[in-house]
$ cat protein32.txt   # compact mmCIF, C-alpha atoms
# COMPACT_ATOMS: atom_id res chain seq x y z
CA MET A 1191 27.70 137.96 208.47
CA TRP A 1192 30.06 135.02 208.21
CA ARG A 1193 33.27 136.29 206.65
CA GLY A 1194 35.49 133.28 206.13
CA LEU A 1195 36.43 129.84 207.35
CA ASN A 1196 39.06 127.15 207.23
CA PHE A 1197 37.61 125.50 204.24
CA SER A 1198 38.31 125.01 200.55
CA LEU A 1199 35.45 122.74 199.42
CA GLY A 1200 34.52 123.50 195.85
CA LEU A 1201 36.73 124.23 192.90
CA PHE A 1202 38.52 127.29 191.73
CA VAL A 1203 37.97 128.58 188.24
CA VAL A 1204 41.71 129.08 188.36
CA PRO A 1205 43.76 127.78 191.29
CA GLY A 1206 41.94 129.66 194.02
CA VAL A 1207 40.87 133.04 195.31
CA SER A 1208 41.89 134.57 198.61
CA SER A 1209 39.29 135.87 200.99
CA TRP A 1210 38.46 139.39 202.01
CA ARG A 1211 37.50 142.09 204.38
CA GLY A 1212 35.01 144.80 203.53
CA PRO A 1213 32.77 144.74 200.42
CA ALA A 1214 33.33 141.07 199.65
CA GLY A 1215 32.09 139.97 203.06
CA ALA A 1216 28.64 139.27 201.67
CA LEU A 1217 29.99 136.30 199.72
CA ALA A 1218 31.26 134.51 202.79
CA ALA A 1219 27.80 133.38 203.88
CA VAL A 1220 27.80 130.85 201.05
CA THR A 1221 31.24 129.58 202.01
CA ALA A 1222 30.29 129.28 205.67
CA VAL A 1223 27.21 127.22 204.93
CA MET A 1224 29.23 124.80 202.78
CA GLY A 1225 32.00 124.60 205.36
CA LEU A 1226 29.74 123.81 208.27
CA ALA A 1227 28.08 121.11 206.20
CA ALA A 1228 31.20 119.25 205.14
CA GLY A 1229 34.48 120.75 206.14
CA CYS A 1230 34.65 121.37 209.87
CA SER A 1231 33.89 118.07 211.62
CA HIS A 1232 37.40 116.85 212.45
CA GLY A 1233 37.32 114.66 215.53
CA ALA A 1234 34.11 116.21 216.80
CA GLY A 1235 31.91 113.14 217.14
CA HIS A 1236 28.24 113.75 217.84
CA VAL A 1237 28.43 116.88 220.00
CA PRO A 1238 25.18 118.80 220.57
CA LEU A 1239 25.10 122.30 219.15
CA PRO A 1240 25.22 125.15 221.67
CA ALA A 1241 22.01 127.10 222.23
CA ARG A 1242 21.46 129.79 219.62
CA PRO A 1243 21.90 133.40 220.79
CA ALA A 1244 18.67 135.08 221.83
CA PRO A 1245 17.70 138.58 220.63
CA GLY A 1246 18.51 141.38 223.06
CA ARG A 1247 20.71 144.42 223.61
CA PRO A 1248 23.78 144.71 221.32
CA ALA A 1249 26.31 143.94 224.07
CA GLY A 1250 24.34 140.92 225.18
CA VAL A 1251 23.90 139.73 221.62
CA ALA A 1252 27.65 140.05 220.95
CA ALA A 1253 28.48 138.04 224.07
CA ALA A 1254 25.90 135.41 223.14
CA MET A 1255 27.26 135.12 219.60
CA ALA A 1256 30.83 134.85 220.88
CA GLY A 1257 29.79 132.11 223.28
CA TYR A 1258 27.86 130.26 220.60
CA LEU A 1259 30.73 130.38 218.11
CA GLY A 1260 33.24 129.48 220.79
CA GLY A 1261 31.18 126.39 221.54
CA LEU A 1262 31.12 125.42 217.87
CA ALA A 1263 34.87 125.89 217.61
CA SER A 1264 35.67 123.92 220.75
CA SER A 1265 33.54 121.00 219.50
CA GLY A 1266 35.28 121.07 216.10
CA ARG A 1267 32.17 122.22 214.22
CA PHE A 1268 33.47 125.58 213.06
CA SER A 1269 36.81 127.13 212.20
CA GLY A 1270 37.08 130.56 210.63
CA THR A 1271 36.47 134.26 211.15
CA VAL A 1272 33.20 136.10 211.69
CA LEU A 1273 32.20 139.73 211.24
CA VAL A 1274 28.77 140.83 212.49
CA ALA A 1275 27.57 144.42 212.16
CA ARG A 1276 24.25 146.13 212.78
CA ASP A 1277 23.43 149.62 211.49
CA GLY A 1278 27.11 150.26 210.80
CA ARG A 1279 28.21 149.20 214.29
CA VAL A 1280 30.54 146.20 214.54
CA LEU A 1281 29.21 143.78 217.16
CA LEU A 1282 31.66 140.93 216.64
CA ASP A 1283 34.94 140.67 214.74
CA ALA A 1284 36.87 137.57 215.76
CA GLY A 1285 38.62 134.41 214.64
CA TYR A 1286 37.92 130.88 215.85
CA GLY A 1287 39.92 127.68 215.44
CA LEU A 1288 43.18 127.16 213.62
CA ALA A 1289 44.34 128.50 210.26
CA ASP A 1290 47.16 125.94 210.31
CA ARG A 1291 46.64 122.96 212.58
CA ALA A 1292 50.16 121.58 212.32
CA ALA A 1293 51.77 124.91 213.25
CA ARG A 1294 48.97 125.79 215.73
CA VAL A 1295 48.38 129.15 214.02
CA ARG A 1296 45.05 130.59 215.08
CA ASP A 1297 42.44 132.17 212.84
CA ARG A 1298 42.29 135.93 213.27
CA PRO A 1299 40.02 138.64 211.81
CA GLY A 1300 42.60 139.36 209.10
CA THR A 1301 43.21 135.73 208.07
CA ILE A 1302 42.94 135.16 204.31
CA PHE A 1303 40.96 132.14 203.11
CA GLN A 1304 40.54 130.35 199.80
CA VAL A 1305 36.88 130.48 198.80
CA GLY A 1306 36.58 127.51 196.44
CA SER A 1307 33.60 127.56 194.11
CA VAL A 1308 32.57 131.04 195.28
CA THR A 1309 35.16 131.97 192.63
CA LYS A 1310 32.52 131.15 190.02
CA GLN A 1311 30.54 134.23 191.03
CA PHE A 1312 33.53 136.41 190.21
CA THR A 1313 33.93 134.65 186.85
CA ALA A 1314 30.26 135.19 186.04
CA MET A 1315 30.60 138.87 186.98
CA ALA A 1316 33.67 139.19 184.73
CA ILE A 1317 31.71 137.70 181.82
CA ALA A 1318 28.80 140.08 182.53
CA ILE A 1319 31.20 143.06 182.53
CA LEU A 1320 32.66 142.03 179.18
CA ALA A 1321 29.14 141.57 177.77
CA ALA A 1322 28.11 145.03 179.03
CA ARG A 1323 31.17 146.48 177.32
CA GLY A 1324 30.19 144.82 174.03
CA ARG A 1325 33.21 142.51 174.02
CA LEU A 1326 31.13 139.32 173.87
CA ARG A 1327 27.50 138.18 173.63
CA LEU A 1328 25.90 135.92 176.22
CA ALA A 1329 23.93 134.28 173.42
CA GLY A 1330 27.07 133.94 171.33
CA ARG A 1331 28.80 130.61 170.69
CA ALA A 1332 31.59 129.88 173.13
CA CYS A 1333 33.75 128.49 170.32
CA ALA A 1334 33.89 131.94 168.75
CA TYR A 1335 36.11 132.99 171.65
CA LEU A 1336 38.30 129.87 171.83
CA PRO A 1337 41.22 128.92 169.54
CA ARG A 1338 39.81 125.45 168.85
CA CYS A 1339 36.74 123.42 169.75
CA PRO A 1340 35.58 119.86 169.14
CA PRO A 1341 32.56 119.71 166.80
CA ALA A 1342 30.27 118.69 169.66
CA TRP A 1343 30.95 122.02 171.38
CA SER A 1344 29.85 124.16 168.42
CA PRO A 1345 26.27 124.79 169.71
CA ILE A 1346 27.37 125.76 173.25
CA THR A 1347 26.66 129.38 174.17
CA ILE A 1348 28.25 131.57 176.83
CA ALA A 1349 24.92 131.60 178.68
CA GLU A 1350 24.85 127.80 178.77
CA LEU A 1351 28.33 127.74 180.30
CA LEU A 1352 27.13 130.20 182.94
CA ASP A 1353 24.03 128.25 183.95
CA HIS A 1354 25.54 124.75 183.75
CA THR A 1355 23.49 123.64 180.75
CA SER A 1356 26.42 123.30 178.30
CA GLY A 1357 26.67 119.51 178.60
CA ILE A 1358 30.41 119.68 179.38
CA ALA A 1359 30.90 116.80 181.80
CA ASP A 1360 32.14 117.58 185.29
CA TRP A 1361 35.51 116.12 186.17
CA SER A 1362 33.83 113.95 188.80
CA ARG A 1363 32.71 111.87 185.77
CA TRP A 1364 36.17 111.65 184.22
CA ARG A 1365 37.31 108.57 186.19
CA LEU A 1366 40.60 110.15 187.12
CA THR A 1367 43.19 108.35 189.20
CA GLY A 1368 45.47 111.35 189.66
CA PRO A 1369 46.21 114.85 188.36
CA LEU A 1370 45.91 115.47 184.64
CA PRO A 1371 49.11 115.60 182.57
CA GLY A 1372 50.51 119.11 182.88
CA GLU A 1373 47.89 120.21 185.40
CA ALA A 1374 50.41 121.35 188.01
CA ALA A 1375 52.11 123.68 185.53
CA ASP A 1376 49.06 124.90 183.56
CA PRO A 1377 45.78 123.76 185.11
CA VAL A 1378 43.54 125.75 182.77
CA ARG A 1379 45.05 124.28 179.61
CA ALA A 1380 45.17 120.74 181.05
CA ILE A 1381 41.52 120.85 182.16
CA ILE A 1382 40.20 122.34 178.92
CA THR A 1383 42.15 119.80 176.86
CA GLU A 1384 40.64 116.92 178.85
CA ALA A 1385 37.15 118.46 178.78
CA GLN A 1386 37.35 118.63 174.99
CA ARG A 1387 38.44 115.00 174.81
CA VAL A 1388 35.61 113.66 177.02
CA PRO A 1389 32.20 113.31 175.32
CA LEU A 1390 29.46 115.74 176.34
CA ALA A 1391 27.20 114.45 179.10
CA PHE A 1392 24.11 115.66 177.18
CA ALA A 1393 23.12 117.89 174.28
CA PRO A 1394 23.80 121.58 175.03
CA GLY A 1395 20.73 123.31 176.43
CA SER A 1396 18.75 120.11 176.96
CA ARG A 1397 19.24 119.88 180.75
CA ALA A 1398 21.36 121.18 183.62
CA ALA A 1399 24.25 119.54 185.50
CA TYR A 1400 26.98 121.20 187.54
CA SER A 1401 30.15 121.61 185.52
CA ASN A 1402 33.42 122.81 187.01
CA PRO A 1403 35.23 122.54 183.65
CA GLY A 1404 32.57 124.79 182.12
CA TYR A 1405 33.70 127.58 184.40
CA VAL A 1406 37.34 126.90 183.65
CA VAL A 1407 36.38 127.50 180.00
CA LEU A 1408 34.67 130.75 181.01
CA GLY A 1409 37.80 131.88 182.86
CA ASP A 1410 39.83 131.21 179.72
CA ILE A 1411 37.34 133.22 177.66
CA VAL A 1412 37.69 136.14 180.12
CA ALA A 1413 41.45 136.15 179.56
CA ARG A 1414 41.23 135.83 175.77
CA VAL A 1415 38.52 138.47 175.26
CA SER A 1416 39.98 140.99 177.72
CA GLY A 1417 43.55 140.53 176.52
CA MET A 1418 44.62 140.25 180.16
CA SER A 1419 45.29 137.37 182.49
CA TYR A 1420 42.30 136.21 184.54
CA PRO A 1421 43.79 137.58 187.81
CA ALA A 1422 44.69 140.90 186.19
CA PHE A 1423 41.20 141.41 184.77
CA LEU A 1424 39.53 140.60 188.10
CA HIS A 1425 41.80 143.08 189.87
CA ARG A 1426 41.13 145.84 187.35
CA ALA A 1427 37.41 145.30 186.76
CA ILE A 1428 36.18 144.02 190.13
CA PHE A 1429 38.57 144.04 193.08
CA GLY A 1430 39.99 147.50 192.48
CA PRO A 1431 36.70 149.37 191.88
CA LEU A 1432 35.12 147.67 194.92
CA GLY A 1433 38.05 148.40 197.22
CA MET A 1434 38.74 144.69 197.77
CA THR A 1435 42.38 145.24 198.64
CA ARG A 1436 42.83 141.87 200.38
CA THR A 1437 41.28 139.74 197.65
CA GLY A 1438 43.27 138.04 194.91
CA VAL A 1439 43.80 134.91 192.87
CA TYR A 1440 45.91 132.12 194.34
CA GLN A 1441 48.35 130.90 191.70
CA GLY A 1442 50.14 128.07 193.47
CA GLY A 1443 53.15 127.91 195.73
CA PRO A 1444 53.44 127.51 199.49
CA VAL A 1445 50.88 129.06 201.81
CA GLN A 1446 51.93 132.55 202.84
CA PRO A 1447 51.83 133.93 206.40
CA GLY A 1448 48.34 135.09 207.28
CA HIS A 1449 46.70 132.60 204.89
CA ALA A 1450 44.58 129.69 206.13
CA LEU A 1451 44.89 126.13 204.92
CA GLY A 1452 41.73 124.32 203.84
CA TYR A 1453 40.83 121.03 205.50
CA LEU A 1454 38.62 118.10 204.54
CA ALA A 1455 36.24 116.38 206.95
CA SER A 1456 38.86 113.64 207.29
CA GLY A 1457 41.28 116.21 208.72
CA ALA A 1458 43.57 116.11 205.68
CA VAL A 1459 44.78 119.35 204.13
CA ALA A 1460 42.75 120.11 201.00
CA GLU A 1461 44.49 119.61 197.66
CA THR A 1462 45.31 122.61 195.50
CA ILE A 1463 45.22 120.50 192.32
CA LEU A 1464 41.73 121.21 191.01
CA THR A 1465 40.73 117.81 189.70
CA ALA A 1466 41.87 116.17 192.96
CA TRP A 1467 38.41 117.07 194.24
CA SER A 1468 36.89 114.42 191.98
CA THR A 1469 38.15 111.74 194.40
CA ALA A 1470 38.61 113.77 197.61
CA PRO A 1471 37.23 112.14 200.81
CA LEU A 1472 34.76 114.81 201.88
CA ALA A 1473 33.38 112.84 204.82
CA ARG A 1474 33.79 109.55 206.57

$ encode --input "protein32.txt" --output "structure tokens"
Amino acid sequence: MWRGLNFSLGLFVVPGVSSWRGPAGALAAVTAVMGLAAGCSHGAGHVPLPARPAPGRPAGVAAAMAGYLGGLASSGRFSGTVLVARDGRVLLDAGYGLADRAARVRDRPGTIFQVGSVTKQFTAMAIAILAARGRLRLAGRACAYLPRCPPAWSPITIAELLDHTSGIADWSRWRLTGPLPGEAADPVRAIITEAQRVPLAFAPGSRAAYSNPGYVVLGDIVARVSGMSYPAFLHRAIFGPLGMTRTGVYQGGPVQPGHALGYLASGAVAETILTAWSTAPLAR
């Protein structure tokens, strides 16, 4: 199981989520696939992949996996941490590459990573919990849970926000030249305000198109319906019950010791301003 990597591609529902050890490890496979596709190719050139590990005895498999991952790391194709277990026995628990390239800080098994758009799965789970508790209806209108809505949003349901059929245009279509006004101080409010100003990309429910702002709206609904901040609700309803003691919501500020920076394919450090991804150079 891939557990984490030096990669922040994707967008946080709020400004980021730290990575994990333990129960949340299952989510890291998604992050690893995205990272290997777009975020870990700094200065690598066209280097052949090492041979894949062959099946065999556990000790041999662990050594083969370590060699394979070491080859990926040395060629610049992977940077992160990996946990592999079989039948409750840990076969590999190691870090590869650098958590901070400038400071030459290495990735270790306990390194904390931002998980980008994997955050959306936590937001969807939070919405499902509130629905199960009778606090909202998936078929209900989203505007019923927001203080104000443009008329075009009136048909949008919670379910349509969840499955990207709301018609709310992604910020990649907003033609931005920089951060939104006020985004650094209050990204949720800045993004929702701009999303309400921009016309819908299509009639709600008529088709599907990925919408980061739609999930920002869902995160705001979680806070308003629960009466708690988004981070506080996730801690109480998800992280705490699942024993995810090293998982949390990044809320800005300098990177703390033990946390990894995210990097783009260009080698630049990934932005923490959400809408910066609409013009980020993912590859070259």

$ closest_residue --input "protein32.txt" --among "A:Ser1396, A:Ile1428, A:His1354, A:Ala1375" --to "Gly1443 in chain A" --atoms "only C-alpha atoms"
A:Ala1375

$ atom_distance --input "protein32.txt" --atom1 "CA of Arg1325 in chain A" --atom2 "CA of Val1415 in chain A"
6.8 Å

$ closest_residue --input "protein32.txt" --among "A:Asp1297, A:Val1388, A:Thr1383, A:Leu1408" --to "Leu1352 in chain A" --atoms "only C-alpha atoms"
A:Leu1408

$ residues_near_point --input "protein32.txt" --point "(31.3, 116.4, 186.2)" --cutoff "10 Å" --atoms "all atoms listed in the file" --output "list in words"
Gly1357, Ile1358, Ala1359, Asp1360, Trp1361, Ser1362, Arg1363, Trp1364, Arg1365, Ala1385, Ala1391, Ala1399, Tyr1400, Ser1401, Asn1402, Pro1403, Gly1404 and Ser1468 of chain A

$ closest_residue --input "protein32.txt" --among "A:Arg1276, A:Ile1302, A:Ile1411, A:Ser1265" --to "Leu1328 in chain A" --atoms "all atoms listed in the file"
A:Ile1411

$ closest_residue --input "protein32.txt" --among "A:Gly1442, A:Val1407, A:Ile1319, A:Phe1268" --to "Cys1333 in chain A" --atoms "all atoms listed in the file"
A:Val1407

$ atom_distance --input "protein32.txt" --atom1 "CA of Ala1253 in chain A" --atom2 "CA of Pro1299 in chain A"
16.8 Å

$ decode --input "protein32.txt" --residues "range 1310-1356 of chain A" --atoms "N, CA and C atoms" --output "PDB file, in the first residue's frame"
ATOM      1  N   LYS A1310     -11.519  15.609  -0.961  1.00  0.00           N
ATOM      2  CA  LYS A1310     -12.922  15.541  -1.366  1.00  0.00           C
ATOM      3  C   LYS A1310     -13.619  14.304  -0.809  1.00  0.00           C
ATOM      4  N   GLN A1311     -12.884  13.205  -0.655  1.00  0.00           N
ATOM      5  CA  GLN A1311     -13.503  12.000  -0.106  1.00  0.00           C
ATOM      6  C   GLN A1311     -13.918  12.202   1.345  1.00  0.00           C
ATOM      7  N   PHE A1312     -13.119  12.967   2.090  1.00  0.00           N
ATOM      8  CA  PHE A1312     -13.483  13.275   3.467  1.00  0.00           C
ATOM      9  C   PHE A1312     -14.701  14.196   3.511  1.00  0.00           C
ATOM     10  N   THR A1313     -14.765  15.153   2.573  1.00  0.00           N
ATOM     11  CA  THR A1313     -15.921  16.054   2.519  1.00  0.00           C
ATOM     12  C   THR A1313     -17.181  15.277   2.188  1.00  0.00           C
ATOM     13  N   ALA A1314     -17.083  14.365   1.221  1.00  0.00           N
ATOM     14  CA  ALA A1314     -18.247  13.550   0.861  1.00  0.00           C
ATOM     15  C   ALA A1314     -18.687  12.693   2.046  1.00  0.00           C
ATOM     16  N   MET A1315     -17.730  12.150   2.781  1.00  0.00           N
ATOM     17  CA  MET A1315     -18.076  11.349   3.964  1.00  0.00           C
ATOM     18  C   MET A1315     -18.744  12.210   5.021  1.00  0.00           C
ATOM     19  N   ALA A1316     -18.270  13.437   5.202  1.00  0.00           N
ATOM     20  CA  ALA A1316     -18.886  14.346   6.179  1.00  0.00           C
ATOM     21  C   ALA A1316     -20.330  14.642   5.798  1.00  0.00           C
ATOM     22  N   ILE A1317     -20.575  14.883   4.511  1.00  0.00           N
ATOM     23  CA  ILE A1317     -21.945  15.115   4.038  1.00  0.00           C
ATOM     24  C   ILE A1317     -22.803  13.889   4.288  1.00  0.00           C
ATOM     25  N   ALA A1318     -22.261  12.685   4.004  1.00  0.00           N
ATOM     26  CA  ALA A1318     -23.024  11.453   4.211  1.00  0.00           C
ATOM     27  C   ALA A1318     -23.358  11.257   5.690  1.00  0.00           C
ATOM     28  N   ILE A1319     -22.432  11.615   6.576  1.00  0.00           N
ATOM     29  CA  ILE A1319     -22.691  11.501   8.014  1.00  0.00           C
ATOM     30  C   ILE A1319     -23.822  12.437   8.424  1.00  0.00           C
ATOM     31  N   LEU A1320     -23.780  13.668   7.942  1.00  0.00           N
ATOM     32  CA  LEU A1320     -24.845  14.618   8.276  1.00  0.00           C
ATOM     33  C   LEU A1320     -26.186  14.164   7.720  1.00  0.00           C
ATOM     34  N   ALA A1321     -26.175  13.561   6.528  1.00  0.00           N
ATOM     35  CA  ALA A1321     -27.422  13.043   5.954  1.00  0.00           C
ATOM     36  C   ALA A1321     -27.960  11.889   6.791  1.00  0.00           C
ATOM     37  N   ALA A1322     -27.062  10.987   7.235  1.00  0.00           N
ATOM     38  CA  ALA A1322     -27.479   9.855   8.051  1.00  0.00           C
ATOM     39  C   ALA A1322     -28.044  10.308   9.391  1.00  0.00           C
ATOM     40  N   ARG A1323     -27.568  11.444   9.871  1.00  0.00           N
ATOM     41  CA  ARG A1323     -28.064  11.985  11.137  1.00  0.00           C
ATOM     42  C   ARG A1323     -29.323  12.827  10.962  1.00  0.00           C
ATOM     43  N   GLY A1324     -29.807  12.946   9.719  1.00  0.00           N
ATOM     44  CA  GLY A1324     -31.015  13.709   9.457  1.00  0.00           C
ATOM     45  C   GLY A1324     -30.820  15.211   9.445  1.00  0.00           C
ATOM     46  N   ARG A1325     -29.562  15.668   9.332  1.00  0.00           N
ATOM     47  CA  ARG A1325     -29.301  17.094   9.362  1.00  0.00           C
ATOM     48  C   ARG A1325     -29.444  17.744   7.980  1.00  0.00           C
ATOM     49  N   LEU A1326     -29.353  16.941   6.930  1.00  0.00           N
ATOM     50  CA  LEU A1326     -29.581  17.453   5.573  1.00  0.00           C
ATOM     51  C   LEU A1326     -30.056  16.302   4.695  1.00  0.00           C
ATOM     52  N   ARG A1327     -30.550  16.641   3.510  1.00  0.00           N
ATOM     53  CA  ARG A1327     -31.028  15.645   2.545  1.00  0.00           C
ATOM     54  C   ARG A1327     -30.172  15.736   1.295  1.00  0.00           C
ATOM     55  N   LEU A1328     -29.696  14.583   0.813  1.00  0.00           N
ATOM     56  CA  LEU A1328     -28.895  14.579  -0.399  1.00  0.00           C
ATOM     57  C   LEU A1328     -29.683  15.102  -1.587  1.00  0.00           C
ATOM     58  N   ALA A1329     -30.984  14.875  -1.587  1.00  0.00           N
ATOM     59  CA  ALA A1329     -31.830  15.374  -2.675  1.00  0.00           C
ATOM     60  C   ALA A1329     -32.292  16.804  -2.429  1.00  0.00           C
ATOM     61  N   GLY A1330     -31.912  17.352  -1.287  1.00  0.00           N
ATOM     62  CA  GLY A1330     -32.322  18.716  -0.964  1.00  0.00           C
ATOM     63  C   GLY A1330     -31.549  19.751  -1.744  1.00  0.00           C
ATOM     64  N   ARG A1331     -32.124  20.954  -1.875  1.00  0.00           N
ATOM     65  CA  ARG A1331     -31.472  22.042  -2.597  1.00  0.00           C
ATOM     66  C   ARG A1331     -30.306  22.589  -1.773  1.00  0.00           C
ATOM     67  N   ALA A1332     -29.183  22.767  -2.418  1.00  0.00           N
ATOM     68  CA  ALA A1332     -28.005  23.289  -1.732  1.00  0.00           C
ATOM     69  C   ALA A1332     -28.267  24.672  -1.149  1.00  0.00           C
ATOM     70  N   CYS A1333     -29.060  25.476  -1.843  1.00  0.00           N
ATOM     71  CA  CYS A1333     -29.317  26.843  -1.391  1.00  0.00           C
ATOM     72  C   CYS A1333     -30.057  26.897  -0.062  1.00  0.00           C
ATOM     73  N   ALA A1334     -30.708  25.802   0.305  1.00  0.00           N
ATOM     74  CA  ALA A1334     -31.400  25.766   1.593  1.00  0.00           C
ATOM     75  C   ALA A1334     -30.419  25.800   2.753  1.00  0.00           C
ATOM     76  N   TYR A1335     -29.159  25.489   2.481  1.00  0.00           N
ATOM     77  CA  TYR A1335     -28.150  25.431   3.533  1.00  0.00           C
ATOM     78  C   TYR A1335     -27.112  26.545   3.411  1.00  0.00           C
ATOM     79  N   LEU A1336     -27.345  27.481   2.498  1.00  0.00           N
ATOM     80  CA  LEU A1336     -26.421  28.594   2.282  1.00  0.00           C
ATOM     81  C   LEU A1336     -27.128  29.909   2.573  1.00  0.00           C
ATOM     82  N   PRO A1337     -26.408  30.934   3.029  1.00  0.00           N
ATOM     83  CA  PRO A1337     -27.062  32.201   3.384  1.00  0.00           C
ATOM     84  C   PRO A1337     -27.608  32.945   2.177  1.00  0.00           C
ATOM     85  N   ARG A1338     -27.002  32.761   1.019  1.00  0.00           N
ATOM     86  CA  ARG A1338     -27.493  33.424  -0.191  1.00  0.00           C
ATOM     87  C   ARG A1338     -27.009  32.636  -1.406  1.00  0.00           C
ATOM     88  N   CYS A1339     -27.807  32.694  -2.458  1.00  0.00           N
ATOM     89  CA  CYS A1339     -27.505  31.980  -3.691  1.00  0.00           C
ATOM     90  C   CYS A1339     -27.949  32.817  -4.875  1.00  0.00           C
ATOM     91  N   PRO A1340     -27.227  32.775  -5.978  1.00  0.00           N
ATOM     92  CA  PRO A1340     -27.742  33.396  -7.201  1.00  0.00           C
ATOM     93  C   PRO A1340     -28.920  32.575  -7.718  1.00  0.00           C
ATOM     94  N   PRO A1341     -29.848  33.178  -8.427  1.00  0.00           N
ATOM     95  CA  PRO A1341     -31.021  32.433  -8.920  1.00  0.00           C
ATOM     96  C   PRO A1341     -30.655  31.185  -9.715  1.00  0.00           C
ATOM     97  N   ALA A1342     -29.562  31.228 -10.469  1.00  0.00           N
ATOM     98  CA  ALA A1342     -29.191  30.076 -11.292  1.00  0.00           C
ATOM     99  C   ALA A1342     -28.845  28.854 -10.457  1.00  0.00           C
ATOM    100  N   TRP A1343     -28.484  29.068  -9.181  1.00  0.00           N
ATOM    101  CA  TRP A1343     -28.122  27.942  -8.326  1.00  0.00           C
ATOM    102  C   TRP A1343     -29.329  27.274  -7.680  1.00  0.00           C
ATOM    103  N   SER A1344     -30.498  27.855  -7.785  1.00  0.00           N
ATOM    104  CA  SER A1344     -31.652  27.352  -7.026  1.00  0.00           C
ATOM    105  C   SER A1344     -31.996  25.883  -7.293  1.00  0.00           C
ATOM    106  N   PRO A1345     -31.782  25.330  -8.518  1.00  0.00           N
ATOM    107  CA  PRO A1345     -32.103  23.913  -8.709  1.00  0.00           C
ATOM    108  C   PRO A1345     -31.043  22.945  -8.199  1.00  0.00           C
ATOM    109  N   ILE A1346     -29.845  23.425  -7.857  1.00  0.00           N
ATOM    110  CA  ILE A1346     -28.729  22.529  -7.537  1.00  0.00           C
ATOM    111  C   ILE A1346     -28.995  21.772  -6.236  1.00  0.00           C
ATOM    112  N   THR A1347     -28.804  20.456  -6.282  1.00  0.00           N
ATOM    113  CA  THR A1347     -28.984  19.626  -5.092  1.00  0.00           C
ATOM    114  C   THR A1347     -27.625  19.269  -4.486  1.00  0.00           C
ATOM    115  N   ILE A1348     -27.671  18.803  -3.242  1.00  0.00           N
ATOM    116  CA  ILE A1348     -26.455  18.331  -2.582  1.00  0.00           C
ATOM    117  C   ILE A1348     -25.842  17.189  -3.392  1.00  0.00           C
ATOM    118  N   ALA A1349     -26.681  16.276  -3.856  1.00  0.00           N
ATOM    119  CA  ALA A1349     -26.181  15.138  -4.634  1.00  0.00           C
ATOM    120  C   ALA A1349     -25.457  15.597  -5.889  1.00  0.00           C
ATOM    121  N   GLU A1350     -25.950  16.637  -6.532  1.00  0.00           N
ATOM    122  CA  GLU A1350     -25.303  17.134  -7.754  1.00  0.00           C
ATOM    123  C   GLU A1350     -23.949  17.782  -7.446  1.00  0.00           C
ATOM    124  N   LEU A1351     -23.827  18.409  -6.286  1.00  0.00           N
ATOM    125  CA  LEU A1351     -22.513  18.904  -5.880  1.00  0.00           C
ATOM    126  C   LEU A1351     -21.554  17.738  -5.657  1.00  0.00           C
ATOM    127  N   LEU A1352     -22.036  16.667  -5.061  1.00  0.00           N
ATOM    128  CA  LEU A1352     -21.192  15.511  -4.777  1.00  0.00           C
ATOM    129  C   LEU A1352     -20.685  14.834  -6.041  1.00  0.00           C
ATOM    130  N   ASP A1353     -21.552  14.701  -7.052  1.00  0.00           N
ATOM    131  CA  ASP A1353     -21.139  13.939  -8.243  1.00  0.00           C
ATOM    132  C   ASP A1353     -20.759  14.825  -9.426  1.00  0.00           C
ATOM    133  N   HIS A1354     -20.463  16.086  -9.154  1.00  0.00           N
ATOM    134  CA  HIS A1354     -19.943  17.013 -10.175  1.00  0.00           C
ATOM    135  C   HIS A1354     -20.918  17.241 -11.331  1.00  0.00           C
ATOM    136  N   THR A1355     -22.198  17.250 -11.028  1.00  0.00           N
ATOM    137  CA  THR A1355     -23.202  17.551 -12.052  1.00  0.00           C
ATOM    138  C   THR A1355     -23.952  18.844 -11.739  1.00  0.00           C
ATOM    139  N   SER A1356     -23.407  19.684 -10.850  1.00  0.00           N
ATOM    140  CA  SER A1356     -24.103  20.905 -10.437  1.00  0.00           C
ATOM    141  C   SER A1356     -24.074  21.991 -11.501  1.00  0.00           C
TER     142      SER A1356
END
